Amino acid sequence: MVNYPHQQPDLDRVFATLADPTRRAILARLAQVESLSVSALAEPFAIKLPAVMKHLDVLGAAGLITRRKRGRTVDVRLSASALRGPSAWLRDYERFWSPALDRLVAHAERKEAQARAVEARRKSR
Amino acid sequence: MNSITLVRRIKARPSIVFDALTTAEGIAAWWGPDDVPVVRVQADARVGGAYRVRFRTLDGREHEAYGTFLEIVAPRRIVMTWDYAFGGEADEHGRTSRIEIDLVPFAGGTDLRFTHADLASDASELSHAWGWTGSFEKLVRHVEHVGISADLDSES
């Protein structure tokens with residue numbers, strides 16, 4: 001799926017977020033699985049659930065993870081799109097504009113054909 | 001500075017291409033990443049004038065791009081700011097970027113040069129600051145190798 005430019009993360013924030021070892025550990029754990037509930041994610045950590053939640057808030061704000069409520073649990077997963085390099089963001093912009101410009105070309109060429117038809121009619125009168 | 005440039009050779013005169021880029025009717029005909037009708041367009045194509053394009057993507061979500069025309073030289077050049085809102089809220093990570101469009105006539109048509117500039121320039125600055133040459137994927141692999149046990153009981 002195309003990633004639209006609005007999904008671009010704030011890289012300052014991403015780097016600041018990654019500076020914390022617990023948060024890196026959380027990301028590393030999420031990198032190995034599809035998704036984990038918050039309580040399953042907190043389990044191996046020697047810190048309290050609220051502290052884990054706080055880390056998840058920071059990771060979420062940086063766009064590195066996504067959380068989705070499912071029934072009474074919250075699933076956490078790595079946001080793969082956030083973990084790509086700057087060049088990937090530029091490619092996203094290209095993917096955003098390229099099909100639009102193709103349609104612009106088609107539209108303008110249609111208009112040109114119409115304009116020429118009108119001009120030809122005028123000339124033949 | 002990060003920018004992308006796309007070029008297209010169009011078999012249409014510059015004035016027609018210019019109109020397609022600066023009028024509401026024209027913009028509505030091509031805008032957006034998916035072939036989904038544009039919801040609403042406003043465009044006041046003069047220096048200092050505003051534009052606003054609300055469009056939908058194939059996943060049904062509404063997006064809005066908006067900005068101000070900085071340069072209008074009909075039918076040759078358009079420069080405008082570009083901001084982005086999603087779901088009615090301005091993109092909090094967003095920054096104002098800039099779009100520059102040049103139309104160069106050739107026999108039988110127009111060469112379009114489309115540049116989206118000032119994109120996340122902090123990305124490159126930060127990569128230099130960190131000696132970052134690859135991508136975040138490398139970092140993920142790295143933290144996977146380092147393992148998680150060593151860091152488990154550290155709390156910041």
# chains A, B, ... in the order shown; residues from 1 in each chain; ligands from 1
>>> select_by_dssp(residues="chain A", states="alpha helix (DSSP H)", output="ChimeraX atom specification")
/A:11-18,21-31,38-42,49-61,86-124
>>> residues_around(residues="segment 94-106 of chain A", least_positions_apart="2", cutoff="10 Å", atoms="only C-alpha atoms", output="PyMOL selection string")
(chain A and resi 2-5+88-92+108-112) or (chain B and resi 3-12+17+20-21+26-35+110+112+114-116)
>>> closest_residue(among="B:Leu103, B:Ala43, B:Leu58, B:Ala74", to="Thr22 of chain B", atoms="only C-alpha atoms")
B:Ala43
